[in-house]
file model27.csv (CSV, C-alpha atoms)
chain,number,residue,atom,x,y,z
A,1,MET,CA,-36.5,58.6,17.4
A,2,ARG,CA,-35.1,55.1,17.2
A,3,TYR,CA,-36.9,51.9,18.1
A,4,GLN,CA,-35.9,48.3,18.4
A,5,LEU,CA,-38.2,45.7,16.9
A,6,ASP,CA,-38.1,42.1,17.9
A,7,LEU,CA,-40.1,39.9,15.5
A,8,THR,CA,-40.8,36.3,15.0
A,9,LEU,CA,-41.5,35.5,11.4
A,10,ARG,CA,-42.6,32.4,9.5
A,11,HIS,CA,-39.8,31.1,7.3
A,12,ALA,CA,-41.5,32.1,4.1
A,13,GLU,CA,-40.4,33.6,0.8
A,14,GLY,CA,-40.8,37.4,0.9
A,15,ALA,CA,-41.4,37.7,4.6
A,16,LEU,CA,-38.5,40.0,5.2
A,17,ALA,CA,-39.4,42.2,2.1
A,18,ARG,CA,-43.0,42.5,3.5
A,19,VAL,CA,-41.7,43.6,6.9
A,20,LEU,CA,-39.3,46.2,5.4
A,21,GLY,CA,-41.9,47.5,3.0
A,22,THR,CA,-44.4,47.9,5.8
A,23,ALA,CA,-41.9,49.8,8.0
A,24,GLU,CA,-41.1,52.2,5.2
A,25,ARG,CA,-44.7,52.8,4.2
A,26,ARG,CA,-45.5,53.6,7.8
A,27,GLY,CA,-42.7,56.3,7.8
A,28,PHE,CA,-39.9,54.4,9.5
A,29,SER,CA,-36.4,54.0,8.0
A,30,PRO,CA,-34.6,50.7,8.7
A,31,VAL,CA,-31.2,51.4,10.3
A,32,SER,CA,-30.1,47.9,11.0
A,33,VAL,CA,-31.4,44.4,10.5
A,34,ASP,CA,-30.1,41.2,12.1
A,35,GLY,CA,-31.8,37.8,12.1
A,36,GLU,CA,-31.4,34.1,12.6
A,37,ALA,CA,-33.3,30.9,11.9
A,38,GLN,CA,-34.8,29.2,15.0
A,39,PRO,CA,-33.8,25.6,15.7
A,40,ASP,CA,-37.1,24.3,14.4
A,41,GLY,CA,-36.3,25.7,11.0
A,42,ASP,CA,-39.9,27.1,10.5
A,43,ARG,CA,-39.3,30.5,12.1
A,44,TRP,CA,-36.9,33.4,12.0
A,45,HIS,CA,-36.1,35.7,14.9
A,46,LEU,CA,-35.5,39.2,13.5
A,47,ARG,CA,-34.1,42.2,15.3
A,48,MET,CA,-34.5,45.5,13.4
A,49,THR,CA,-33.7,49.1,14.4
A,50,VAL,CA,-35.9,51.7,12.8
A,51,GLU,CA,-35.9,55.5,12.9
A,52,GLY,CA,-39.0,57.7,12.6
A,53,GLU,CA,-41.1,60.5,14.0
A,54,ARG,CA,-44.4,58.6,14.1
A,55,ALA,CA,-45.8,56.6,17.0
A,56,PRO,CA,-44.3,53.1,17.1
A,57,GLU,CA,-47.7,51.6,18.0
A,58,SER,CA,-48.9,52.1,14.5
A,59,LEU,CA,-46.0,50.2,13.1
A,60,GLN,CA,-46.5,47.4,15.6
A,61,GLN,CA,-50.2,47.1,14.7
A,62,GLN,CA,-49.5,46.9,11.0
A,63,LEU,CA,-46.7,44.4,11.3
A,64,SER,CA,-48.8,42.2,13.5
A,65,LYS,CA,-51.4,42.0,10.7
A,66,LEU,CA,-48.9,40.4,8.3
A,67,TYR,CA,-49.5,36.7,7.8
A,68,ASP,CA,-45.8,35.9,8.2
A,69,CYS,CA,-45.4,37.9,11.4
A,70,LEU,CA,-46.1,35.7,14.4
A,71,ALA,CA,-45.0,38.2,17.1
A,72,VAL,CA,-43.7,41.7,17.3
A,73,GLU,CA,-42.4,43.8,20.2
A,74,VAL,CA,-41.3,47.4,19.9
A,75,SER,CA,-39.2,49.3,22.4
A,76,PRO,CA,-37.3,52.6,22.3
A,77,CYS,CA,-33.6,52.4,21.8
A,78,ARG,CA,-31.5,53.6,24.6
call {"tool": "encode", "arguments": {"input": "model27.csv", "output": "structure tokens"}}
result
Amino acid sequence: MRYQLDLTLRHAEGALARVLGTAERRGFSPVSVDGEAQPDGDRWHLRMTVEGERAPESLQQQLSKLYDCLAVEVSPCR
């Protein structure tokens, strides 16, 4: 099943790598990634589509534990 993740990340070195690594370790394969810096320059808004058979809540919980992840929302793709 595919899920859409909307994340707000601190603009920090390695933040994207940590998000991608966490998703893969939790059994989700990234399908697409799109992001942009927020006007304040300190945050990124990241939209990522992942595919996996596991419950998306486990991924959401793990991503929210990352220091660089300020917010994460997961929804099924339509």
call {"tool": "atom_distance", "arguments": {"input": "model27.csv", "atom1": "CA of Gly52 in chain A", "atom2": "CA of Ala37 in chain A"}}
result
27.4 Å
call {"tool": "closest_residue", "arguments": {"input": "model27.csv", "among": "A:Ala12, A:His45, A:Gln60, A:Asp40", "to": "Phe28 in chain A", "atoms": "all atoms listed in the file"}}
result
A:Gln60
call {"tool": "closest_residue", "arguments": {"input": "model27.csv", "among": "A:Glu13, A:Glu51, A:Glu57, A:Asp42", "to": "Pro30 in chain A", "atoms": "all atoms listed in the file"}}
result
A:Glu51
call {"tool": "closest_residue", "arguments": {"input": "model27.csv", "among": "A:Leu70, A:Leu9, A:Ala15, A:Ala23", "to": "Thr49 in chain A", "atoms": "only C-alpha atoms"}}
result
A:Ala23
call {"tool": "closest_residue", "arguments": {"input": "model27.csv", "among": "A:Leu16, A:Gly27, A:Val74, A:Val33", "to": "Glu53 in chain A", "atoms": "only C-alpha atoms"}}
result
A:Gly27
call {"tool": "residues_around", "arguments": {"input": "model27.csv", "residues": "Ser75 in chain A", "least_positions_apart": "6", "cutoff": "12 Å", "atoms": "all atoms listed in the file", "output": "list of chain:residue names"}}
result
A:Met1, A:Arg2, A:Tyr3, A:Gln4, A:Leu5, A:Asp6, A:Leu7, A:Arg47, A:Met48, A:Thr49, A:Val50, A:Glu51, A:Ala55, A:Pro56, A:Glu57, A:Leu59, A:Gln60
call {"tool": "closest_residue", "arguments": {"input": "model27.csv", "among": "A:Arg25, A:Arg43, A:Leu20, A:Arg54", "to": "Asp68 in chain A", "atoms": "only C-alpha atoms"}}
result
A:Arg43
call {"tool": "residues_around", "arguments": {"input": "model27.csv", "residues": "Leu63 in chain A", "least_positions_apart": "5", "cutoff": "7 Å", "atoms": "only C-alpha atoms", "output": "ChimeraX atom specification"}}
result
/A:19,22,69
call {"tool": "atom_distance", "arguments": {"input": "model27.csv", "atom1": "CA of Arg18 in chain A", "atom2": "CA of Leu66 in chain A"}}
result
7.9 Å
call {"tool": "closest_residue", "arguments": {"input": "model27.csv", "among": "A:Thr8, A:Gln61, A:Gly21, A:Arg78", "to": "Gly35 in chain A", "atoms": "all atoms listed in the file"}}
result
A:Thr8
call {"tool": "atom_distance", "arguments": {"input": "model27.csv", "atom1": "CA of Tyr67 in chain A", "atom2": "CA of Arg10 in chain A"}}
result
8.3 Å
